[in-house]
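Student: Pasting coords-v9.txt here (compact mmCIF, C-alpha atoms):
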```
# COMPACT_ATOMS: atom_id res chain seq x y z
CA MET A 7 9.38 -42.48 66.71
CA LYS A 8 12.61 -40.67 67.29
CA LYS A 9 13.42 -37.65 65.22
CA ILE A 10 16.25 -38.24 62.76
CA ILE A 11 19.06 -35.71 62.83
CA PHE A 12 21.65 -35.45 60.07
CA THR A 13 24.86 -33.53 60.66
CA LEU A 14 26.29 -31.66 57.69
CA LEU A 15 30.05 -32.08 57.85
CA LEU A 16 31.25 -30.99 54.48
CA TYR A 17 30.00 -28.45 52.00
CA ILE A 18 32.46 -28.15 49.17
CA LEU A 19 32.24 -26.13 46.02
CA SER A 20 29.80 -24.01 44.25
CA TRP A 21 26.09 -23.88 43.85
CA ASN A 22 26.81 -21.22 41.25
CA ASN A 23 24.87 -21.95 38.07
CA THR A 24 26.83 -19.48 35.95
CA HIS A 25 29.30 -21.98 34.43
CA ALA A 26 27.26 -25.18 34.59
CA LEU A 27 26.68 -26.65 31.15
CA ILE A 28 24.22 -29.38 32.18
CA THR A 29 20.58 -28.42 31.81
CA VAL A 30 17.52 -30.51 32.59
CA ASP A 31 14.30 -29.44 30.89
CA ILE A 32 11.71 -29.77 33.67
CA THR A 33 8.84 -28.55 31.51
CA ARG A 34 8.63 -31.52 29.15
CA GLY A 35 8.22 -34.58 31.36
CA ASN A 36 10.26 -37.57 30.19
CA LEU A 37 10.82 -36.58 26.55
CA ASP A 38 14.57 -35.99 26.84
CA PRO A 39 15.84 -37.63 30.04
CA LEU A 40 19.39 -36.70 31.04
CA PRO A 41 21.88 -39.61 30.83
CA ILE A 42 23.41 -39.88 34.31
CA ALA A 43 25.85 -42.40 35.76
CA VAL A 44 25.53 -43.30 39.45
CA SER A 45 28.67 -45.10 40.52
CA PRO A 46 28.41 -47.48 43.51
CA LEU A 47 29.62 -45.75 46.64
CA HIS A 48 33.06 -46.96 47.70
CA VAL A 49 33.11 -48.61 51.16
CA ASP A 50 36.12 -47.45 53.17
CA SER A 51 38.37 -50.34 54.23
CA GLU A 52 38.31 -49.04 57.82
CA SER A 53 34.55 -49.50 58.10
CA GLU A 54 33.44 -51.54 61.07
CA LYS A 55 31.24 -54.59 60.65
CA ILE A 56 27.86 -54.41 62.35
CA PRO A 57 25.96 -57.60 63.29
CA SER A 58 22.96 -58.27 61.00
CA PHE A 59 24.06 -55.38 58.77
CA GLU A 60 25.74 -55.99 55.40
CA THR A 61 28.36 -53.26 55.21
CA SER A 62 30.12 -54.50 52.08
CA THR A 63 27.10 -53.99 49.79
CA LEU A 64 25.78 -50.81 51.39
CA GLY A 65 27.40 -48.52 48.82
CA GLU A 66 25.77 -50.50 46.02
CA GLU A 67 22.34 -50.34 47.72
CA ILE A 68 22.54 -46.56 48.24
CA SER A 69 23.41 -46.05 44.57
CA LYS A 70 20.44 -48.22 43.53
CA ILE A 71 18.03 -46.04 45.53
CA ILE A 72 19.47 -42.89 43.95
CA GLU A 73 19.02 -44.47 40.51
CA LYS A 74 15.42 -45.45 41.24
CA ASN A 75 14.63 -41.95 42.48
CA PHE A 76 16.05 -40.40 39.32
CA LYS A 77 14.31 -42.92 37.06
CA SER A 78 10.95 -42.27 38.73
CA THR A 79 11.02 -38.59 37.74
CA GLY A 80 11.11 -39.25 34.01
CA LEU A 81 13.78 -36.53 33.79
CA PHE A 82 16.85 -38.76 34.11
CA ASN A 83 18.13 -41.90 32.43
CA PRO A 84 20.45 -43.78 34.85
CA LEU A 85 22.98 -45.73 32.79
CA LYS A 86 23.72 -49.41 33.35
CA LYS A 87 26.64 -50.09 35.67
CA ALA A 88 27.94 -52.78 33.33
CA SER A 89 29.12 -49.99 31.03
CA PHE A 90 31.24 -48.29 33.72
CA VAL A 91 34.99 -48.67 33.15
CA GLN A 92 36.35 -46.82 36.20
CA LYS A 93 36.40 -48.26 39.72
CA PRO A 94 34.22 -46.44 42.29
CA ASP A 95 37.06 -45.41 44.62
CA ILE A 96 39.18 -43.94 41.80
CA ALA A 97 36.19 -42.23 40.17
CA HIS A 98 35.33 -40.54 43.46
CA LEU A 99 38.81 -39.04 43.72
CA LYS A 100 39.10 -37.92 40.09
CA PRO A 101 36.97 -39.23 37.21
CA ARG A 102 38.46 -39.88 33.81
CA PHE A 103 35.95 -37.63 32.14
CA GLU A 104 36.64 -38.94 28.63
CA ASP A 105 35.78 -42.52 29.73
CA TRP A 106 32.41 -41.47 31.12
CA ARG A 107 31.63 -39.37 28.06
CA LEU A 108 32.22 -42.45 25.88
CA ILE A 109 29.12 -44.07 27.39
CA LYS A 110 27.14 -40.87 26.70
CA ALA A 111 26.88 -39.84 30.36
CA GLN A 112 26.44 -36.12 30.95
CA ALA A 113 26.49 -36.22 34.76
CA LEU A 114 28.23 -38.53 37.21
CA VAL A 115 27.55 -39.27 40.89
CA THR A 116 30.34 -40.78 42.99
CA GLY A 117 30.72 -41.37 46.70
CA LYS A 118 32.19 -43.28 49.59
CA LEU A 119 31.04 -44.34 53.04
CA LEU A 120 32.60 -45.14 56.39
CA ILE A 121 31.01 -46.87 59.39
CA LYS A 122 32.86 -46.19 62.63
CA ASN A 123 31.75 -45.93 66.26
CA ASN A 124 28.22 -46.84 65.15
CA LYS A 125 28.10 -43.79 62.90
CA LEU A 126 27.61 -43.79 59.15
CA LYS A 127 29.43 -41.09 57.20
CA VAL A 128 28.50 -40.77 53.53
CA GLU A 129 30.21 -38.47 51.04
CA PHE A 130 29.06 -37.84 47.49
CA ARG A 131 30.13 -35.74 44.54
CA LEU A 132 28.25 -34.63 41.45
CA TRP A 133 30.36 -34.12 38.32
CA ASP A 134 29.54 -32.20 35.15
CA LEU A 135 31.11 -34.45 32.51
CA THR A 136 30.67 -31.93 29.70
CA ALA A 137 32.53 -29.19 31.56
CA ALA A 138 34.86 -31.74 33.26
CA LYS A 139 34.39 -30.27 36.70
CA GLU A 140 32.87 -30.95 40.10
CA MET A 141 29.48 -29.37 40.74
CA VAL A 142 28.59 -30.38 44.30
CA ALA A 143 30.28 -32.26 47.15
CA LEU A 144 28.55 -32.98 50.45
CA SER A 145 28.90 -35.29 53.41
CA PHE A 146 26.34 -36.55 55.93
CA THR A 147 26.70 -38.36 59.24
CA THR A 148 23.92 -40.37 60.86
CA THR A 149 23.29 -43.81 62.35
CA PRO A 150 23.72 -46.81 60.01
CA ASN A 151 19.99 -47.65 60.08
CA ASN A 152 19.23 -44.35 58.36
CA TRP A 153 21.09 -45.23 55.18
CA ARG A 154 17.93 -45.14 53.05
CA ARG A 155 17.24 -41.57 54.11
CA VAL A 156 20.81 -40.62 53.21
CA ALA A 157 20.16 -41.94 49.69
CA HIS A 158 17.00 -39.84 49.43
CA ILE A 159 18.74 -36.70 50.71
CA ILE A 160 21.57 -37.16 48.21
CA SER A 161 18.94 -37.56 45.48
CA ASP A 162 17.29 -34.30 46.55
CA LYS A 163 20.57 -32.37 46.50
CA ILE A 164 21.44 -33.61 43.02
CA TYR A 165 17.93 -33.01 41.71
CA GLU A 166 18.01 -29.45 43.01
CA ARG A 167 21.42 -28.77 41.49
CA LEU A 168 20.47 -30.11 38.06
CA THR A 169 16.90 -28.80 37.76
CA GLY A 170 16.93 -25.61 39.81
CA GLU A 171 13.95 -26.69 41.92
CA SER A 172 13.81 -28.50 45.26
CA GLY A 173 13.51 -32.28 45.35
CA TYR A 174 10.85 -34.48 46.89
CA PHE A 175 12.59 -37.78 47.66
CA ASP A 176 13.17 -37.40 51.41
CA THR A 177 9.45 -37.33 52.09
CA ARG A 178 6.65 -39.51 53.39
CA ILE A 179 3.18 -40.32 52.18
CA ALA A 180 0.26 -40.80 54.54
CA PHE A 181 -2.65 -42.80 53.15
CA VAL A 182 -5.54 -45.06 54.04
CA SER A 183 -4.62 -48.73 53.86
CA GLU A 184 -7.59 -50.82 52.68
CA THR A 185 -8.21 -54.55 52.98
CA GLY A 186 -11.25 -56.81 52.69
CA PRO A 187 -14.28 -56.86 50.37
CA LYS A 188 -15.65 -53.56 49.09
CA ASN A 189 -18.74 -53.61 51.31
CA GLN A 190 -16.67 -54.47 54.42
CA ARG A 191 -13.41 -52.58 53.97
CA ILE A 192 -11.00 -52.33 56.89
CA LYS A 193 -9.33 -48.94 56.67
CA LYS A 194 -6.18 -48.10 58.64
CA LEU A 195 -4.09 -44.95 58.74
CA ALA A 196 -0.73 -45.81 57.15
CA LEU A 197 2.58 -44.10 56.46
CA MET A 198 5.43 -44.92 54.08
CA ASP A 199 8.47 -43.36 52.43
CA GLN A 200 7.71 -41.84 49.04
CA ASP A 201 9.28 -44.87 47.31
CA GLY A 202 6.99 -47.34 49.10
CA PHE A 203 9.40 -48.58 51.78
CA ASN A 204 9.17 -48.47 55.60
CA THR A 205 5.39 -48.83 55.75
CA LYS A 206 3.89 -48.30 59.21
CA TYR A 207 0.28 -48.70 60.29
CA LEU A 208 -0.77 -46.00 62.73
CA THR A 209 -4.28 -47.23 63.61
CA LEU A 210 -5.64 -50.72 64.25
CA GLY A 211 -8.56 -50.68 61.85
CA ASN A 212 -11.23 -50.83 64.55
CA GLU A 213 -12.65 -47.52 63.35
CA LEU A 214 -13.13 -46.16 59.85
CA VAL A 215 -10.31 -43.75 58.91
CA LEU A 216 -10.50 -41.19 56.11
CA THR A 217 -8.51 -38.39 54.45
CA PRO A 218 -5.21 -38.00 56.34
CA ARG A 219 -3.56 -34.64 55.65
CA PHE A 220 -0.01 -33.53 56.49
CA ASN A 221 0.84 -30.27 58.20
CA PRO A 222 3.00 -28.28 55.72
CA THR A 223 5.44 -27.25 58.45
CA ASN A 224 6.08 -30.48 60.38
CA GLN A 225 5.25 -34.18 60.69
CA LEU A 226 1.79 -33.64 62.16
CA VAL A 227 -1.17 -35.35 60.48
CA THR A 228 -4.84 -34.57 60.81
CA TYR A 229 -7.41 -37.17 59.83
CA LEU A 230 -11.06 -38.08 60.16
CA SER A 231 -12.24 -41.17 62.02
CA TYR A 232 -15.66 -42.44 62.97
CA PHE A 233 -15.88 -43.09 66.71
CA LYS A 234 -19.19 -44.83 67.53
CA ASN A 235 -20.47 -43.62 64.14
CA MET A 236 -19.59 -40.03 65.03
CA PRO A 237 -17.12 -38.11 62.76
CA ARG A 238 -14.15 -37.14 64.91
CA VAL A 239 -11.08 -35.14 63.86
CA TYR A 240 -7.69 -36.20 65.23
CA LEU A 241 -4.18 -34.77 65.26
CA LEU A 242 -1.28 -37.22 65.27
CA ASP A 243 2.39 -36.36 65.73
CA ILE A 244 4.27 -38.85 63.54
CA GLU A 245 7.56 -38.37 65.40
CA THR A 246 6.29 -38.75 68.97
CA GLY A 247 3.18 -40.87 68.41
CA ILE A 248 1.13 -38.44 70.51
CA GLN A 249 -2.48 -38.22 69.34
CA GLU A 250 -5.22 -35.83 70.38
CA VAL A 251 -8.86 -35.29 69.52
CA VAL A 252 -9.65 -31.93 67.92
CA GLY A 253 -13.40 -32.39 68.25
CA ASN A 254 -16.57 -34.18 67.16
CA PHE A 255 -18.26 -32.87 64.02
CA PRO A 256 -21.60 -34.65 63.45
CA GLY A 257 -22.31 -33.09 60.06
CA MET A 258 -18.83 -33.23 58.57
CA THR A 259 -18.82 -33.38 54.76
CA PHE A 260 -15.09 -33.00 54.11
CA ALA A 261 -12.15 -33.70 56.39
CA PRO A 262 -9.79 -30.89 57.43
CA ARG A 263 -6.66 -29.49 55.83
CA PHE A 264 -4.00 -27.34 57.49
CA SER A 265 -3.34 -23.69 56.84
CA PRO A 266 0.12 -22.97 55.34
CA ASP A 267 1.55 -21.99 58.74
CA GLY A 268 0.09 -25.14 60.33
CA LYS A 269 -1.74 -23.16 63.01
CA LYS A 270 -5.28 -23.69 61.72
CA ILE A 271 -7.33 -26.38 60.08
CA ILE A 272 -10.04 -25.70 57.55
CA MET A 273 -12.98 -28.05 56.92
CA SER A 274 -16.61 -28.23 55.94
CA PHE A 275 -19.51 -29.60 57.94
CA ALA A 276 -23.27 -29.29 58.03
CA LYS A 277 -24.73 -27.12 60.77
CA ASP A 278 -28.44 -26.36 60.97
CA GLY A 279 -28.92 -28.45 57.84
CA ASN A 280 -26.50 -26.54 55.62
CA SER A 281 -22.90 -27.36 54.66
CA ASP A 282 -20.45 -24.48 54.99
CA ILE A 283 -16.71 -23.97 55.45
CA TYR A 284 -15.18 -23.38 58.87
CA SER A 285 -11.70 -22.89 60.27
CA MET A 286 -10.38 -23.78 63.70
CA ASP A 287 -7.42 -22.24 65.53
CA LEU A 288 -5.51 -25.25 66.88
CA GLU A 289 -4.19 -23.35 69.89
CA THR A 290 -7.40 -21.70 71.08
CA ARG A 291 -9.82 -24.19 69.45
CA VAL A 292 -11.94 -21.23 68.35
CA VAL A 293 -14.11 -22.12 65.34
CA GLU A 294 -14.85 -19.46 62.73
CA GLN A 295 -17.48 -19.77 60.01
CA ILE A 296 -16.09 -18.65 56.65
CA THR A 297 -18.97 -19.23 54.20
CA LYS A 298 -22.69 -18.81 54.81
CA HIS A 299 -24.64 -19.84 51.74
CA PRO A 300 -27.75 -22.01 51.23
CA SER A 301 -25.82 -24.23 48.76
CA ILE A 302 -23.25 -26.90 49.63
CA ASP A 303 -19.75 -25.49 50.14
CA THR A 304 -17.04 -28.11 50.71
CA SER A 305 -13.46 -29.31 49.97
CA PRO A 306 -11.57 -26.17 51.07
CA SER A 307 -7.83 -25.69 50.48
CA TYR A 308 -5.63 -22.68 51.31
CA SER A 309 -3.30 -20.95 48.87
CA PRO A 310 0.36 -21.26 50.02
CA ASP A 311 0.40 -17.64 51.23
CA GLY A 312 -2.79 -18.21 53.25
CA LYS A 313 -4.58 -15.27 51.66
CA TYR A 314 -7.05 -17.27 49.57
CA ILE A 315 -9.13 -20.44 49.76
CA THR A 316 -10.31 -22.62 46.91
CA PHE A 317 -13.37 -24.81 47.41
CA ASN A 318 -16.15 -26.45 45.47
CA SER A 319 -19.83 -25.55 45.64
CA ASP A 320 -23.09 -26.23 43.81
CA ARG A 321 -24.28 -22.64 44.25
CA SER A 322 -24.36 -22.27 40.44
CA GLY A 323 -26.55 -25.36 40.11
CA LEU A 324 -23.67 -27.74 39.33
CA GLN A 325 -20.58 -28.61 41.37
CA GLN A 326 -17.88 -26.09 40.38
CA ILE A 327 -14.68 -24.67 41.86
CA TYR A 328 -14.50 -21.24 43.48
CA VAL A 329 -11.83 -19.02 44.99
CA MET A 330 -12.33 -16.50 47.78
CA ARG A 331 -10.28 -14.52 50.25
CA SER A 332 -9.50 -16.37 53.47
CA ASP A 333 -12.09 -14.29 55.35
CA GLY A 334 -14.84 -15.48 52.98
CA THR A 335 -15.12 -12.32 50.88
CA GLN A 336 -14.67 -11.83 47.12
CA VAL A 337 -16.04 -15.23 46.12
CA LYS A 338 -15.38 -15.98 42.45
CA ARG A 339 -16.26 -19.01 40.35
CA ILE A 340 -13.23 -20.11 38.30
CA THR A 341 -14.45 -23.22 36.42
CA HIS A 342 -16.86 -22.99 33.51
CA GLY A 343 -16.16 -26.16 31.53
CA SER A 344 -18.55 -29.07 31.04
CA GLY A 345 -18.64 -31.66 33.80
CA LEU A 346 -18.50 -31.59 37.59
CA TYR A 347 -15.44 -30.31 39.45
CA GLY A 348 -14.29 -31.26 42.94
CA THR A 349 -11.43 -31.76 45.46
CA PRO A 350 -9.46 -28.61 44.52
CA VAL A 351 -5.97 -28.46 46.07
CA TRP A 352 -3.67 -25.48 45.75
CA SER A 353 -0.10 -26.15 44.58
CA PRO A 354 2.74 -25.37 47.03
CA ARG A 355 4.09 -23.05 44.32
CA GLY A 356 0.83 -21.12 44.25
CA ASP A 357 0.52 -21.15 40.48
CA LEU A 358 -1.83 -24.10 39.95
CA ILE A 359 -4.88 -25.77 41.47
CA ALA A 360 -5.30 -29.53 41.05
CA PHE A 361 -8.79 -30.98 40.86
CA THR A 362 -10.96 -33.99 40.08
CA LYS A 363 -13.38 -33.71 37.18
CA VAL A 364 -16.29 -36.01 36.29
CA ARG A 365 -17.63 -35.94 32.75
CA LYS A 366 -19.72 -38.54 30.92
CA GLY A 367 -19.06 -41.12 33.61
CA ARG A 368 -15.26 -40.76 33.47
CA PHE A 369 -12.99 -39.34 36.16
CA TYR A 370 -10.10 -36.99 35.38
CA ILE A 371 -7.25 -35.53 37.41
CA GLY A 372 -6.30 -32.10 36.11
CA VAL A 373 -4.65 -28.79 36.87
CA MET A 374 -5.47 -25.17 36.06
CA ARG A 375 -4.21 -21.75 36.96
CA SER A 376 -5.60 -20.15 40.11
CA ASP A 377 -7.92 -17.97 38.01
CA GLY A 378 -9.36 -21.03 36.22
CA THR A 379 -7.55 -20.53 32.92
CA GLY A 380 -5.23 -23.07 31.30
CA GLU A 381 -7.17 -26.18 32.33
CA ARG A 382 -5.28 -29.38 31.49
CA LEU A 383 -6.61 -32.88 32.09
CA LEU A 384 -3.64 -35.11 32.96
CA THR A 385 -5.17 -38.56 33.34
CA GLU A 386 -8.50 -40.31 32.78
CA ASN A 387 -9.95 -43.48 34.31
CA PHE A 388 -13.01 -45.37 35.51
CA TYR A 389 -12.70 -43.82 39.00
CA GLN A 390 -9.93 -41.69 40.50
CA GLU A 391 -9.74 -38.71 42.82
CA ALA A 392 -8.04 -36.98 45.78
CA PRO A 393 -4.94 -35.38 44.19
CA SER A 394 -2.14 -34.34 46.57
CA TRP A 395 0.95 -32.31 45.64
CA SER A 396 4.60 -33.20 46.07
CA PRO A 397 6.28 -30.49 48.22
CA ASN A 398 7.93 -28.92 45.17
CA GLY A 399 4.70 -28.78 43.16
CA ARG A 400 6.13 -30.99 40.42
CA VAL A 401 4.15 -34.23 40.87
CA LEU A 402 0.60 -35.19 41.85
CA ILE A 403 -0.31 -38.32 43.76
CA PHE A 404 -3.88 -39.64 43.72
CA TYR A 405 -5.77 -42.89 44.07
CA ARG A 406 -7.52 -44.94 41.44
CA GLU A 407 -10.13 -47.66 41.80
CA THR A 408 -10.36 -50.41 39.20
CA LYS A 409 -12.47 -53.49 38.58
CA SER A 410 -10.57 -56.74 38.87
CA ASP A 411 -12.02 -58.42 35.77
CA SER A 412 -14.01 -57.74 32.59
CA LYS A 413 -17.29 -58.67 34.29
CA GLY A 414 -16.87 -55.91 36.87
CA LYS A 415 -16.30 -58.33 39.71
CA GLY A 416 -13.63 -57.65 42.26
CA PHE A 417 -12.22 -54.31 43.29
CA SER A 418 -8.84 -52.67 43.77
CA ALA A 419 -7.67 -49.24 44.97
CA LYS A 420 -4.08 -48.14 44.31
CA LEU A 421 -1.96 -45.01 44.52
CA TRP A 422 -0.72 -43.41 41.33
CA SER A 423 1.40 -40.38 40.48
CA ILE A 424 1.76 -38.18 37.42
CA ASP A 425 3.93 -35.24 36.45
CA ILE A 426 2.15 -31.90 35.98
CA THR A 427 3.18 -32.00 32.33
CA GLY A 428 0.94 -35.06 31.92
CA TYR A 429 3.87 -37.44 31.43
CA ASN A 430 5.37 -40.17 33.61
CA GLU A 431 2.21 -41.72 35.03
CA ARG A 432 3.09 -44.62 37.32
CA ARG A 433 1.69 -46.76 40.11
CA LEU A 434 3.21 -46.48 43.58
CA LYS A 435 4.14 -49.57 45.51
CA THR A 436 1.95 -50.30 48.56
CA GLU A 437 1.58 -53.43 50.67
CA THR A 438 -2.22 -53.26 50.53
CA ASP A 439 -4.88 -51.41 48.59
CA ALA A 440 -4.59 -47.71 49.28
CA SER A 441 -6.55 -44.45 49.02
CA ASP A 442 -6.62 -40.82 50.19
CA PRO A 443 -2.88 -40.04 49.86
CA SER A 444 -1.20 -36.99 51.35
CA TRP A 445 2.41 -35.99 50.60
CA SER A 446 4.56 -34.61 53.42
CA SER A 447 6.95 -31.70 53.23
CA LEU A 448 10.69 -32.44 53.00
CA LEU A 449 11.97 -34.13 56.16
CA SER A 450 15.39 -32.53 55.78
CA LYS A 451 14.79 -28.81 55.29
```
Could you express the structure from this file as structure tokens?

Tutor:
Amino acid sequence: MKKIIFTLLLYILSWNNTHALITVDITRGNLDPLPIAVSPLHVDSESEKIPSFETSTLGEEISKIIEKNFKSTGLFNPLKKASFVQKPDIAHLKPRFEDWRLIKAQALVTGKLLIKNNKLKVEFRLWDLTAAKEMVALSFTTTPNNWRRVAHIISDKIYERLTGESGYFDTRIAFVSETGPKNQRIKKLALMDQDGFNTKYLTLGNELVLTPRFNPTNQLVTYLSYFKNMPRVYLLDIETGIQEVVGNFPGMTFAPRFSPDGKKIIMSFAKDGNSDIYSMDLETRVVEQITKHPSIDTSPSYSPDGKYITFNSDRSGLQQIYVMRSDGTQVKRITHGSGLYGTPVWSPRGDLIAFTKVRKGRFYIGVMRSDGTGERLLTENFYQEAPSWSPNGRVLIFYRETKSDSKGKGFSAKLWSIDITGYNERRLKTETDASDPSWSSLLSK
């Protein structure tokens, strides 16, 4: 796959928050979503027609994606276009602020596009309707086939301007695609945009695939596959398609994750009959043992600064979550509640650790501070696990298994997401059943 390059042509106006009157409360989920109007992007009359490409409706389609992105956050309420009284081309030049305020809009997105010489140029503006002024104006140039990515990038820029934190729309999700009966599942490595489009299958399903994990710094994925019943760790470059074998790990108990700088992977496997945590330098392939304890140590995850590791262990008698320095010293148990804790994953912000909890036969996805305080259970179900963070630390994605009918027959596995406030739980669109999700970093940094 070829790397997509966007050229920034225009950067108008301020990112100065001093005079902005619009505020979006990002701590309360979807309680008070901001009313926002997304006008269809005006298509320049000089745009060239491209065979098998509908230029005339492209501005409408881009605005729909922006609306869907905003709606999915629970923070915004995109208003119906039927209430708009100003034409898109005129609104982009200069909105009649009083007309937009009449429909209760507080923010307005306008734009236009031009296709010429097989290049797509998209401009957009964000308007503060309360202050009656322009907040952001940007322009991007790419190939016409990348129009969906342009919509996601625009969404990220607006989200960042209105909330003060980075967006997560121009991202991908790696996951395990599942088909077939439960006792004969075919599992393929799959990839899609965060909104469920552009699904690609990266393996054929001949071998069992588990736990894909994105490199935080690029589009490299590590995953576990069973080759002739032997656990084998792979690295796959999403952009080039180049794949390499890291090594065979006969006693692997938990697939690897990357270090924050992407130069190491950390994993757990059984050696000499005992499961401990190891790291591997991807350049030298030197393996270093981090824990050495007679109990089971597994599910390691680095803090975003790389100084600490969280993991789960039964060294206290029950499966609990621990934190230690990255060299294996200063081990500290941080969970003390009832139930079993597992799959800890450190937030990209560094403030929270997500986890799976099992109590009285129910599965919970929760978060807590890195010292174990402030535990909050976000969602409960029959079976769910494997939380993965959005790159801005705002949303968790996980997978949930359900029975197909009241008699317990049938089986389904789907991807779900939830805001860290515990609001806005929703199912993600996938072509097949899906499990083991991993969220990429922003493609356009």

Student: Stretch 432-435 of chain A: which residues within 7 Å, counting only C-alpha atoms, same-chain residues fewer than 2 positions away excluded, as a PyMOL selection string?

Tutor: chain A and resi 202+421-424+430+437

Student: Contacts of stretch 172-189 of chain A at 8 Å or less, counting only C-alpha atoms, minus same-chain residues fewer than 2 places along, as a VMD selection string?

Tutor: chain A and resid 75 155 158 to 159 161 to 163 165 to 166 170 191 to 201 215 to 220 396 to 398 417 419 438 to 450

Student: Measuring atom to atom with all atoms listed in the file, identify which of A:Ser69, A:Asn254, A:Asn221, A:Thr316 is nearest to A:Met236.

Tutor: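 Under the stated criterion, the closest residue is A:Asn254.
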
Student: For a cutoff of 7 Å around the file-coordinate point (-3.5, -28.8, 34.7), which residues qualify once you count only C-alpha atoms? I'd like the result as an MDAnalysis selection string.

Tutor: chainID A and resid 360 372:374 380:384 426

Student: Between A:Val44, A:Ser281, A:Asp95, A:Phe275, which is the closest to A:Val115 once you count all atoms listed in the file?

Tutor: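 Looking at the shortest contact to A:Val115, the residue is A:Val44.
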
Student: Between A:Leu126, A:Ser285, A:Ala43, A:Gly399, which one has atoms that come closest to A:Ala88, using all atoms listed in the file?

Tutor: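 That would be A:Ala43, the residue with the smallest distance to A:Ala88.
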
Student: Please determine, counting all atoms listed in the file, which residue among A:Lys93, A:Arg365, A:Lys298, A:Arg375 has the shortest atom-to-atom distance to A:Val337.

Tutor: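 When distances to A:Val337 are compared using all atoms listed in the file, the smallest one comes from A:Lys298.
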
Student: Which residue out of A:Ser301, A:Thr436, A:Thr341, A:Thr228 has the minimum interatomic distance to A:Asn204 when all atoms listed in the file are used?

Tutor: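 The closest residue to A:Asn204 is A:Thr436.
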
Student: With distances taken over all atoms listed in the file, which residue among A:Thr205, A:Gln112, A:Ser332, A:Thr136 lies nearest A:Asn83?

Tutor: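 Under the stated criterion, the closest residue is A:Gln112.
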
Student: Grab the atom CA of A:Ile160 to atom CA of A:Lys70 distance for me, in Å with one decimal place.

Tutor: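 Between atom CA of A:Ile160 and atom CA of A:Lys70 the gap is 12.1 Å.
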
Student: Which value, in Å to one decimal, gives the distance between atom CA of A:Arg154 and atom CA of A:Lys77?

Tutor: 16.5 Å

Student: Give me, please, the distance in Å between atom CA of A:Phe103 and atom CA of A:His48, quoted to one decimal.

Tutor: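 Interatomic distance, atom CA of A:Phe103 to atom CA of A:His48: 18.4 Å.
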
Student: Please identify all polymer residues lying at most 12 Å from the point (-19.0, -26.4, 46.9) (file coordinates), using only C-alpha atoms, and present the result as a ChimeraX atom specification.

Tutor: /A:259-260,273-275,280-283,297-307,315-330,337-339,341,346-350

Student: Padding 8 Å on every side, please: axis-aligned box over the listed atoms of stretch 334-353 of chain A, centre and edge lengths to one decimal in Å, as lines of an AutoDock Vina configuration file.

Tutor:
```
center_x = -9.4
center_y = -21.8
center_z = 42.0
size_x = 34.5
size_y = 35.9
size_z = 37.9
```
